[in-house]
Each structure stands twice: as structure tokens, then as C-alpha cells.
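Chemist: My structure is stored as start.cif, with mmCIF, C-alpha atoms and all ligand atoms.
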data_run
#
loop_
_atom_site.label_atom_id
_atom_site.label_comp_id
_atom_site.auth_asym_id
_atom_site.auth_seq_id
_atom_site.Cartn_x
_atom_site.Cartn_y
_atom_site.Cartn_z
CA VAL Z 1495 0.00 0.00 0.00
CA GLU Z 1496 2.69 2.40 1.16
CA GLN Z 1497 4.54 3.37 -2.05
CA ALA Z 1498 1.46 3.67 -4.27
CA PHE Z 1499 -0.33 5.60 -1.54
CA LEU Z 1500 2.60 7.96 -1.07
CA LYS Z 1501 2.69 8.64 -4.80
CA TRP Z 1502 -1.04 9.36 -4.80
CA LEU Z 1503 -0.73 11.54 -1.70
CA THR Z 1504 2.12 13.62 -3.10
CA GLY Z 1505 -0.07 14.47 -6.07
CA ARG Z 1506 -2.96 15.53 -3.81
CA LEU Z 1507 -1.00 17.98 -1.66
CA THR Z 1508 -0.74 21.67 -2.42
CA PRO Z 1509 2.40 23.62 -1.47
CA SER Z 1510 2.09 25.58 1.76
CA PRO Z 1511 4.29 28.46 2.93
CA GLN Z 1512 4.63 26.73 6.32
CA VAL Z 1513 6.14 23.62 4.77
CA VAL Z 1514 9.84 23.87 3.92
CA VAL Z 1515 10.30 20.13 3.16
CA PRO Z 1516 7.02 18.29 2.37
CA VAL Z 1517 5.93 14.64 2.34
CA GLY Z 1518 8.40 12.38 0.55
CA ASP Z 1519 11.58 12.82 2.57
CA ASP Z 1520 12.35 11.12 5.89
CA GLY Z 1521 10.70 13.99 7.71
CA ALA Z 1522 8.87 17.23 7.07
CA VAL Z 1523 10.41 20.60 7.88
CA LEU Z 1524 8.01 23.27 9.11
CA ARG Z 1525 8.40 27.00 9.48
CA TRP Z 1526 7.32 28.39 12.84
CA SER Z 1527 6.20 31.93 13.71
CA PRO Z 1528 8.80 33.82 15.76
CA GLY Z 1529 8.08 33.54 19.46
CA ALA Z 1530 5.34 30.93 19.09
CA ASP Z 1531 5.39 27.73 21.13
CA LEU Z 1532 4.54 24.30 19.74
CA VAL Z 1533 1.25 22.67 20.72
CA ALA Z 1534 1.09 18.95 19.89
CA VAL Z 1535 -2.06 16.81 20.08
CA ILE Z 1536 -2.86 13.26 19.01
CA ASP Z 1537 -6.04 11.25 18.80
CA THR Z 1538 -6.84 7.72 17.65
CA ILE Z 1539 -10.21 6.57 16.42
CA THR Z 1540 -11.06 2.91 15.94
CA ASP Z 1541 -13.68 1.03 13.97
CA GLU Z 1542 -16.62 -0.15 16.09
CA VAL Z 1543 -15.63 2.18 18.92
CA ASP Z 1544 -15.64 5.68 17.42
CA PHE Z 1545 -17.37 4.93 14.11
CA GLN Z 1546 -18.73 1.96 12.18
CA LEU Z 1547 -16.83 1.37 8.95
CA LEU Z 1548 -19.78 -0.64 7.67
CA HIS Z 1549 -22.14 2.32 7.98
CA VAL Z 1550 -20.13 5.43 7.10
CA GLU Z 1551 -18.20 6.78 4.14
CA PRO Z 1552 -14.42 6.55 4.61
CA GLU Z 1553 -14.17 10.30 3.98
CA GLN Z 1554 -16.24 10.86 7.14
CA ILE Z 1555 -13.71 8.88 9.16
CA GLY Z 1556 -10.87 11.03 7.86
CA HIS Z 1557 -12.87 14.17 8.58
CA LYS Z 1558 -13.53 13.05 12.15
CA ALA Z 1559 -9.91 12.06 12.81
CA VAL Z 1560 -8.71 15.52 11.77
CA GLY Z 1561 -11.65 17.33 13.39
CA VAL Z 1562 -11.10 15.95 16.89
CA ASN Z 1563 -7.45 16.97 16.77
CA LEU Z 1564 -8.20 20.48 15.51
CA SER Z 1565 -10.78 20.78 18.27
CA ASP Z 1566 -8.04 20.10 20.83
CA LEU Z 1567 -5.88 22.81 19.24
CA ALA Z 1568 -8.89 25.17 19.38
CA ALA Z 1569 -9.25 24.45 23.10
CA MET Z 1570 -5.75 25.87 23.56
CA ALA Z 1571 -6.23 28.80 21.13
CA ALA Z 1572 -3.49 27.31 18.99
CA ARG Z 1573 -3.22 27.94 15.26
CA PRO Z 1574 -2.98 24.67 13.30
CA VAL Z 1575 0.32 24.34 11.42
CA ALA Z 1576 0.53 20.71 10.24
CA LEU Z 1577 -1.09 17.28 10.41
CA LEU Z 1578 0.39 13.78 10.38
CA SER Z 1579 -1.66 10.62 9.98
CA ALA Z 1580 -1.20 6.92 10.60
CA LEU Z 1581 -3.61 4.45 9.02
CA THR Z 1582 -3.69 0.85 10.22
CA LEU Z 1583 -5.88 -0.78 7.60
CA PRO Z 1584 -7.84 -4.03 7.85
CA ARG Z 1585 -6.97 -6.67 5.30
CA GLY Z 1586 -9.36 -6.65 2.36
CA ASP Z 1587 -11.00 -9.98 3.16
CA ARG Z 1588 -11.85 -8.71 6.62
CA SER Z 1589 -13.48 -5.38 5.75
CA GLY Z 1590 -14.54 -5.71 2.12
CA TRP Z 1591 -12.33 -2.72 1.31
CA GLN Z 1592 -9.24 -2.83 -0.84
CA PRO Z 1593 -6.70 -1.26 1.61
CA GLY Z 1594 -5.24 1.24 -0.87
CA GLU Z 1595 -8.70 2.49 -1.85
CA LEU Z 1596 -9.69 2.79 1.81
CA ALA Z 1597 -6.49 4.72 2.59
CA ARG Z 1598 -7.09 7.16 -0.26
CA ARG Z 1599 -10.72 7.82 0.65
CA ILE Z 1600 -10.00 8.35 4.35
CA THR Z 1601 -7.17 10.71 3.44
CA GLU Z 1602 -9.43 12.56 1.01
CA GLY Z 1603 -11.76 13.28 3.96
CA MET Z 1604 -8.80 14.49 6.02
CA LEU Z 1605 -7.67 16.81 3.25
CA GLN Z 1606 -11.14 18.29 2.76
CA LEU Z 1607 -11.31 19.46 6.38
CA ALA Z 1608 -7.62 20.36 6.47
CA ARG Z 1609 -8.12 22.67 3.50
CA GLN Z 1610 -10.85 24.59 5.36
CA PHE Z 1611 -8.25 25.47 7.97
CA ASP Z 1612 -5.28 25.89 5.61
CA VAL Z 1613 -3.39 23.20 7.44
CA PRO Z 1614 -1.11 20.93 5.38
CA LEU Z 1615 -0.73 17.18 5.81
CA VAL Z 1616 3.02 16.70 6.05
CA GLY Z 1617 3.53 13.06 6.82
CA GLY Z 1618 2.05 9.73 7.60
CA ASP Z 1619 2.30 6.02 7.73
CA THR Z 1620 0.16 3.15 6.50
CA GLY Z 1621 0.08 -0.51 7.38
CA THR Z 1622 -2.22 -3.49 6.99
CA TRP Z 1623 -3.17 -6.00 9.65
CA ASP Z 1624 -5.69 -8.60 10.64
CA GLY Z 1625 -7.60 -6.22 12.89
CA PRO Z 1626 -10.05 -3.31 12.69
CA LEU Z 1627 -9.34 0.02 11.03
CA VAL Z 1628 -7.38 2.34 13.33
CA VAL Z 1629 -6.82 5.96 12.35
CA THR Z 1630 -4.42 8.17 14.27
CA VAL Z 1631 -3.85 11.85 13.56
CA THR Z 1632 -1.33 14.16 15.14
CA ALA Z 1633 -1.87 17.89 14.82
CA LEU Z 1634 0.84 20.44 15.45
CA GLY Z 1635 -0.08 24.01 16.19
CA GLU Z 1636 1.50 27.20 17.39
CA THR Z 1637 0.37 29.28 20.31
CA SER Z 1638 -1.31 32.61 19.65
CA HIS Z 1639 -0.64 35.83 21.55
CA PRO Z 1640 -0.71 36.23 24.56
CA GLY Z 1641 -0.33 32.48 25.13
CA PRO Z 1642 -2.13 29.14 25.19
CA TRP Z 1643 -5.39 28.57 26.99
CA THR Z 1644 -5.24 25.77 29.55
CA ARG Z 1645 -7.78 24.08 31.78
CA SER Z 1646 -6.19 25.37 34.93
CA GLY Z 1647 -6.49 29.16 35.09
CA ALA Z 1648 -10.14 29.77 36.01
CA GLN Z 1649 -10.84 32.11 38.96
CA PRO Z 1650 -13.85 32.14 41.29
CA GLY Z 1651 -16.35 34.65 39.91
CA ASP Z 1652 -15.42 34.00 36.27
CA ALA Z 1653 -18.31 33.42 33.90
CA VAL Z 1654 -18.61 30.03 32.16
CA LEU Z 1655 -19.40 30.30 28.45
CA VAL Z 1656 -20.13 27.67 25.84
CA THR Z 1657 -20.13 27.92 22.05
CA GLY Z 1658 -22.88 26.39 19.92
CA GLU Z 1659 -25.53 23.90 21.03
CA LEU Z 1660 -25.06 20.62 22.86
CA GLY Z 1661 -26.40 17.07 22.83
CA GLY Z 1662 -27.45 14.38 20.40
CA SER Z 1663 -24.15 14.22 18.53
CA LEU Z 1664 -24.74 10.55 17.65
CA LEU Z 1665 -27.37 11.71 15.16
CA GLY Z 1666 -24.53 12.97 12.97
CA ARG Z 1667 -22.44 15.70 14.53
CA HIS Z 1668 -20.00 13.20 16.04
CA LEU Z 1669 -18.82 12.53 12.48
CA HIS Z 1670 -19.25 16.04 11.05
CA VAL Z 1671 -16.96 17.62 13.62
CA GLN Z 1672 -16.69 21.37 13.05
CA PRO Z 1673 -13.72 22.36 15.21
CA ARG Z 1674 -13.98 25.86 16.68
CA VAL Z 1675 -10.49 26.86 15.58
CA LYS Z 1676 -11.38 30.17 13.94
CA GLU Z 1677 -13.74 31.06 16.78
CA ALA Z 1678 -11.06 30.36 19.39
CA LEU Z 1679 -8.53 32.55 17.64
CA ALA Z 1680 -11.11 35.31 17.23
CA ILE Z 1681 -11.95 35.19 20.96
CA GLN Z 1682 -8.25 35.17 21.83
CA ARG Z 1683 -7.90 38.53 20.04
CA VAL Z 1684 -10.63 40.28 22.02
CA ALA Z 1685 -10.90 38.66 25.45
CA ARG Z 1686 -8.76 37.13 28.17
CA VAL Z 1687 -9.82 33.51 28.59
CA SER Z 1688 -8.73 32.17 31.99
CA ALA Z 1689 -9.43 28.49 31.23
CA ALA Z 1690 -10.78 26.43 28.35
CA ILE Z 1691 -11.58 22.86 27.28
CA ASP Z 1692 -13.28 21.37 24.26
CA ILE Z 1693 -16.37 19.28 24.94
CA SER Z 1694 -15.43 15.82 23.70
CA ASP Z 1695 -16.78 13.56 26.42
CA GLY Z 1696 -19.86 15.48 27.59
CA LEU Z 1697 -20.46 18.92 29.09
CA ALA Z 1698 -20.74 17.62 32.66
CA LEU Z 1699 -17.59 15.49 32.54
CA ASP Z 1700 -15.48 18.06 30.71
CA ALA Z 1701 -16.73 20.86 32.98
CA SER Z 1702 -15.72 18.79 36.00
CA ARG Z 1703 -12.26 18.26 34.45
CA LEU Z 1704 -11.80 22.00 33.97
CA ALA Z 1705 -13.00 22.61 37.53
CA ALA Z 1706 -10.54 20.05 38.92
CA ALA Z 1707 -7.64 21.45 36.90
CA SER Z 1708 -8.46 24.97 38.10
CA ASN Z 1709 -8.94 23.76 41.67
CA LEU Z 1710 -12.40 25.30 42.02
CA GLY Z 1711 -16.03 24.53 41.22
CA LEU Z 1712 -18.27 25.17 38.23
CA ALA Z 1713 -21.89 26.02 39.00
CA LEU Z 1714 -24.12 25.54 35.97
CA ASP Z 1715 -27.49 27.18 35.36
CA LEU Z 1716 -29.10 24.18 33.71
CA ALA Z 1717 -31.89 26.20 32.09
CA LYS Z 1718 -29.31 28.24 30.19
CA ILE Z 1719 -27.55 25.32 28.51
CA PRO Z 1720 -28.21 25.60 24.76
CA LEU Z 1721 -29.93 22.39 23.60
CA SER Z 1722 -29.48 21.22 20.03
CA ALA Z 1723 -32.35 19.99 17.88
CA ALA Z 1724 -30.54 16.63 17.88
CA ALA Z 1725 -30.67 16.55 21.70
CA ARG Z 1726 -34.46 16.89 21.50
CA GLN Z 1727 -34.68 14.17 18.84
CA GLN Z 1728 -32.51 11.83 20.89
CA ALA Z 1729 -34.65 12.54 23.95
CA ALA Z 1730 -37.80 11.60 22.05
CA ARG Z 1731 -36.23 8.20 21.33
CA SER Z 1732 -34.43 7.55 24.60
CA GLY Z 1733 -37.03 8.69 27.11
CA ARG Z 1734 -34.37 10.85 28.76
CA THR Z 1735 -34.52 14.65 28.70
CA PRO Z 1736 -32.80 16.85 26.10
CA LEU Z 1737 -30.83 18.33 29.01
CA ASP Z 1738 -29.53 14.84 29.93
CA HIS Z 1739 -28.27 14.47 26.39
CA ALA Z 1740 -26.67 17.92 26.42
CA LEU Z 1741 -24.90 17.14 29.72
CA GLY Z 1742 -23.75 13.64 28.91
CA ASP Z 1743 -23.63 12.77 25.22
CA GLY Z 1744 -20.25 14.21 24.33
CA GLU Z 1745 -18.61 14.64 20.94
CA ASP Z 1746 -20.13 18.10 20.60
CA PHE Z 1747 -16.67 19.56 20.03
CA GLU Z 1748 -17.84 22.94 21.28
CA LEU Z 1749 -15.69 25.06 23.59
CA LEU Z 1750 -16.22 25.65 27.29
CA LEU Z 1751 -14.54 28.91 28.30
CA CYS Z 1752 -14.03 30.84 31.51
CA VAL Z 1753 -13.75 34.62 31.25
CA SER Z 1754 -14.27 37.62 33.52
CA VAL Z 1755 -17.87 38.80 33.88
CA ASP Z 1756 -17.03 41.97 31.92
CA ASP Z 1757 -15.57 39.97 29.05
CA ALA Z 1758 -18.59 37.64 29.11
CA VAL Z 1759 -21.00 40.55 28.72
CA ARG Z 1760 -18.91 41.99 25.90
CA LEU Z 1761 -18.49 38.67 24.06
CA ILE Z 1762 -22.16 37.76 24.23
CA ARG Z 1763 -23.27 41.24 23.15
CA ASN Z 1764 -20.84 41.23 20.22
CA PRO Z 1765 -19.74 37.66 19.50
CA PRO Z 1766 -16.65 37.33 17.27
CA LEU Z 1767 -17.52 35.74 13.89
CA SER Z 1768 -21.20 35.94 14.99
CA MET Z 1769 -20.73 32.63 16.77
CA PRO Z 1770 -23.45 31.38 19.11
CA LEU Z 1771 -22.16 31.96 22.62
CA ALA Z 1772 -24.04 31.54 25.91
CA GLN Z 1773 -23.22 31.99 29.56
CA ILE Z 1774 -24.21 28.79 31.35
CA GLY Z 1775 -22.73 29.29 34.78
CA VAL Z 1776 -20.02 30.71 37.02
CA CYS Z 1777 -16.85 29.56 38.73
CA VAL Z 1778 -17.24 29.11 42.49
CA PRO Z 1779 -14.69 28.44 45.24
CA SER Z 1780 -16.17 25.05 46.32
CA PRO Z 1781 -14.47 22.34 44.22
CA GLY Z 1782 -16.60 20.15 41.99
CA LEU Z 1783 -19.54 20.39 39.66
CA TRP Z 1784 -22.73 22.09 40.81
CA GLN Z 1785 -26.11 23.12 39.56
CA ARG Z 1786 -27.37 26.51 40.63
CA ASP Z 1787 -31.07 27.22 41.03
CA GLU Z 1788 -32.74 30.61 40.51
CA SER Z 1789 -32.19 31.58 44.15
CA GLY Z 1790 -28.46 30.90 43.73
CA ARG Z 1791 -28.46 27.73 45.86
CA LEU Z 1792 -25.92 25.09 44.79
CA SER Z 1793 -26.50 21.35 44.71
CA PRO Z 1794 -24.11 18.67 43.38
CA LEU Z 1795 -24.33 17.74 39.71
CA ALA Z 1796 -23.16 14.32 38.53
CA ALA Z 1797 -20.18 14.45 36.16
CA SER Z 1798 -21.77 12.03 33.72
CA GLY Z 1799 -20.21 11.49 30.33
CA TYR Z 1800 -18.10 9.22 28.22
CA GLU Z 1801 -15.10 7.74 30.04
CA HIS Z 1802 -12.59 6.28 27.62
CA GLY Z 1803 -11.80 2.66 28.25
CA GLU Z 1804 -14.73 2.16 30.59
CA THR Z 1805 -17.32 1.21 28.02
CA PRO Z 1806 -17.47 -2.57 27.61
CA SER Z 1807 -19.16 -2.53 24.21
CA PRO Z 1808 -19.15 -0.19 21.22
CA ARG Z 1809 -21.12 3.02 21.64
CA PRO Z 1810 -24.66 2.71 20.32
CA ARG Z 1811 -25.17 4.18 16.90
CA PRO Z 1812 -28.33 5.96 15.85
CA GLU Z 1813 -30.76 4.03 13.74
CA ASP Z 1814 -30.94 5.88 10.47
MG MG Z 1901 -9.84 17.99 24.42
#
Please, can you express the file's structure as C-alpha cells?

Modeler:
Amino acid sequence: VEQAFLKWLTGRLTPSPQVVVPVGDDGAVLRWSPGADLVAVIDTITDEVDFQLLHVEPEQIGHKAVGVNLSDLAAMAARPVALLSALTLPRGDRSGWQPGELARRITEGMLQLARQFDVPLVGGDTGTWDGPLVVTVTALGETSHPGPWTRSGAQPGDAVLVTGELGGSLLGRHLHVQPRVKEALAIQRVARVSAAIDISDGLALDASRLAAASNLGLALDLAKIPLSAAARQQAARSGRTPLDHALGDGEDFELLLCVSVDDAVRLIRNPPLSMPLAQIGVCVPSPGLWQRDESGRLSPLAASGYEHGETPSPRPRPED
């Protein structure tokens, strides 16, 4: 697969000013902005765990593999610079796919999303084995001024904001990841974000991770959480509430951000790139995850969500 694939790939790549030595040598050489630091992220997605090869187009798998990585860069307000991919392909008699064809179509999906963010694919690896399809992408990014967002800088009194709408990602959004890269960089230019995380495993779980990293608590106003249409559709099927789906489904790939109250007011009044942005809570001194009622009283909120490695069977997929 490797040589033919490499030849195909070389023909598909467009030159990029960031790439000094492209795919084809032993390594890629990248140009970095002066003063910027490197942000490196990696994510693996596997057939029957993160997608079902039988039921999706290979391009969607490539899109997802790149999207989840770019979402992690967005969570750190990092500008994407380059992508690397590793495809471990199932043998043809196992999957019904000719490995070279599968590799090209997955990569085509990667390149489509990569192009939207002007980020070049600069290297990769392919192999074939007697197991399921495994797709790994590494994204390299550079920090933006005045520095990377982390999970750990939130202060009591900060407002908690979320981009977009949450819940029901299994109905499609978990594959059509739209990483909030441009939105993150636009916010970075106009506000001081004290802490950030992307919502990959569910609002409640990721909020509790941010709270723990910042050594404080997040108190959510549940009525203010923006519910997606998909959350309502999932609720109609599952018998749970749309709010349950928004809190626990995960794979929304929206951003959870902590900012000062002044910045929150400013951002919501005049959102950069006209992005949907809502305040859903505040940071409080008591560690943990809380829900806040209208009188301001706090009660504990379960940090439900998707824990990697703790699910015994593949995630359920929506009936289409
Ligand atoms: Mg993340």
C-alpha cells in the first residue's frame, strides 16, 4: 500500500508556505512563527468504537480524525500548522475494502477538512493488519498571543461560556466535527480567557475536568444550557430529557470557556464571527460540579459522560 499511496498523496497535496520540506523525505520541515510555542495533540479513532466502517463513508472517518485533533488545538487557542496521519488498515478480506482504496478515501476526507483550515498534511504512515481500522492523527499548532489557553487558570467569579448547542451528537455531529479553531482565535484577540476545554466527552464530565484542573467549582445554570435539535430528537427516542443528552452525550466539540464577567457581557453582546455563545454558569470556590437554582443555591451535579476505556461494548449508533 505504502509506495502507491505515497505517490497518490504527493499528487494531492498543495504547497504551503509553512512547509519547507514536504511529504516524501524522511521527515517534514516546518516554518514556525517567531516567538510561538509548539502545541502537539494526538487522537486515535477505531472502527466499532468511534465509528462503524460498515455504515459510514471513509471520507467521514478522515474528517472526524482531523476534526477531533483540531478541536483540541482550538481548546488551547493554537493555530494549526501541520497534520500527520497513521492508518492501520484491515486486510481486504476482513473489511470488504481494498486497503489502498480505503487509505485514499480516508485521506481525502482528512484533506477536505484540512483545507478549510489551511493546514497541510506533512507526513504519515500506512500498514495493513488482521484487525479493525485504526486511524491516528497528530496535529501540530502554534500558540497565539498572549499564550495558550489551559484548563487550569479559572478564577472564582469568572463566567462560564459555551459555544454552539449541545447534545445528540450521535445523530450525525460526532462525524461532522466542526472544530472551533477560527472562533477560538477570534476570541483570543478580544478577550482574556482564563481556562478552556473542548467538549469531547460530555459537558458535565469536561466541565468537572476543567474545575478540577483549576482547583475550584463550576456552577451551571441548567436552564441556560443551549440544547441542540438533535438533543431533542434523541430525547424523544431515549425517554431521557434533552438536558440529559446535552450534559452527557459528548462529541459536541464545542468550547467551554471561563472569562471575567465583563468579558462575558462583551463577548455575548458582540460575539466574534457571529458565533453562538451563551453563559451557562459561574466559577465558584467550592471544588466540583454544581447546579445553581434561581435563588443561587448550589446542589451537586453528577459528572456524567463518556469515560474512555470504561465502556465494555461499542457506543450505540443511531438508527438511520
Ligand atoms: Mg480535548

Chemist: Could you give me, as a count of residues only, the residues within 9 Å of segment 1769-1776 of chain Z, counting all atoms listed in the file and dropping anything in the same chain fewer than 2 positions from it?

Modeler: 33

Chemist: Which chains and residue numbers are within 7 Å of ligand MG 1901 (chain Z), counting only C-alpha atoms and all ligand atoms, if I want them as a list of chain:residue names?

Modeler: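 Residues satisfying the distance criterion: Z:Ser1565, Z:Asp1566, Z:Ala1569, Z:Ile1691, Z:Asp1692, Z:Ile1693, Z:Ser1694.
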
Chemist: Using all atoms listed in the file, which of the listed residues (Z:His1739, Z:Arg1585, Z:Arg1598, Z:His1670) sits closest to Lys1558 of chain Z?

Modeler: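 Closest candidate: Z:His1670.
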
Chemist: Residues around (-13.3, 22.5, 38.3), cut-off 12 Å, counting all atoms listed in the file - what are they as JSON, numbers by chain?

Modeler: {"Z": [1645, 1646, 1647, 1648, 1649, 1650, 1652, 1654, 1689, 1690, 1691, 1698, 1699, 1700, 1701, 1702, 1703, 1704, 1705, 1706, 1707, 1708, 1709, 1710, 1711, 1712, 1713, 1714, 1750, 1751, 1752, 1776, 1777, 1778, 1779, 1780, 1781, 1782, 1783, 1784, 1797]}

Chemist: Tell me which of Z:Pro1511, Z:Gly1641, Z:Gly1662, Z:Gly1603 sits closest to Glu1553 of chain Z, counting all atoms listed in the file.

Modeler: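 Selected residue with least distance to Glu1553 of chain Z: Z:Gly1603.
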
Chemist: Find the residue from Z:Thr1582, Z:Thr1620, Z:Thr1538, Z:Gln1546 that sits nearest to Phe1499 of chain Z; use all atoms listed in the file when measuring.

Modeler: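 Nearest to Phe1499 of chain Z: Z:Thr1620.
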
Chemist: Please provide the set of residues having any atom within 7 Å of segment 1622-1635 of chain Z, restricted to all atoms listed in the file, with same-chain residues fewer than 3 positions apart removed, written as a PyMOL selection string.

Modeler: chain Z and resi 1532-1541+1559-1560+1563-1564+1567+1572-1585

Chemist: Using only C-alpha atoms for the distances, tell me which of Z:Ser1768, Z:Leu1669, Z:Gln1497, Z:Ser1722 is nearest to Asp1544 of chain Z.

Modeler: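 With only C-alpha atoms as the atom set, the closest residue is Z:Leu1669.
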
Chemist: Kindly give the distance, in Å, that separates atom CA of Lys1676 of chain Z and atom CA of Ala1568 of chain Z, rounded to a single decimal.

Modeler: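 Taking atom CA of Lys1676 of chain Z and atom CA of Ala1568 of chain Z, their separation equals 7.8 Å.
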
Chemist: Using all atoms listed in the file - which residues lie no farther than 10 Å from the point (-9.1, 38.5, 22.9) in the file's frame? Write them as a PyMOL selection string.

Modeler: chain Z and resi 1639-1640+1678-1687+1757+1761+1766

Chemist: Find the spatial neighbours of Pro1552 of chain Z, counting all atoms listed in the file, within a cut-off of 8 Å - ignore same-chain residues fewer than 6 positions away - and output them as a PyMOL selection string.

Modeler: chain Z and resi 1596+1599-1600+1603

Chemist: Could you state the separation of atom CA of Met1604 of chain Z and atom CA of Gly1561 of chain Z in Å, given to one decimal place?

Modeler: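 One can read the atom CA of Met1604 of chain Z to atom CA of Gly1561 of chain Z distance as 8.4 Å.
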
Chemist: Please determine, counting all atoms listed in the file, which residue among Z:Gly1742, Z:Gln1727, Z:Glu1636, Z:His1557 has the shortest atom-to-atom distance to Ala1608 of chain Z.

Modeler: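 Selected residue with least distance to Ala1608 of chain Z: Z:His1557.
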
Chemist: Tell me, in Å to one decimal, how far atom CA of Leu1749 of chain Z is from atom CA of Leu1524 of chain Z.

Modeler: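 It comes out at 27.8 Å.
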
Chemist: Once you add 4 Å to each side, what are the centre and edge lengths of the axis-aligned box holding all listed atoms of segment 1541-1550 of chain Z? One decimal in Å, as AutoDock Vina command-line options, if you can.

Modeler:
--center_x -17.9 --center_y 2.5 --center_z 13.0 --size_x 16.5 --size_y 14.3 --size_z 19.8

Chemist: Which one is closest to Glu1745 of chain Z: Z:Gln1672, Z:Gln1610, Z:Asn1764, Z:Gln1512? Count all atoms listed in the file.

Modeler: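 Answer, going by the shortest atom-to-atom distance: Z:Gln1672.
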
Chemist: Quick one: everything within 12 Å of Trp1502 of chain Z, counting all atoms listed in the file, minus sequence neighbours fewer than 3 positions away in the same chain. Send it as a ChimeraX atom specification.

Modeler: /Z:1495-1499,1505-1507,1517-1518,1594-1595,1597-1599,1601-1602
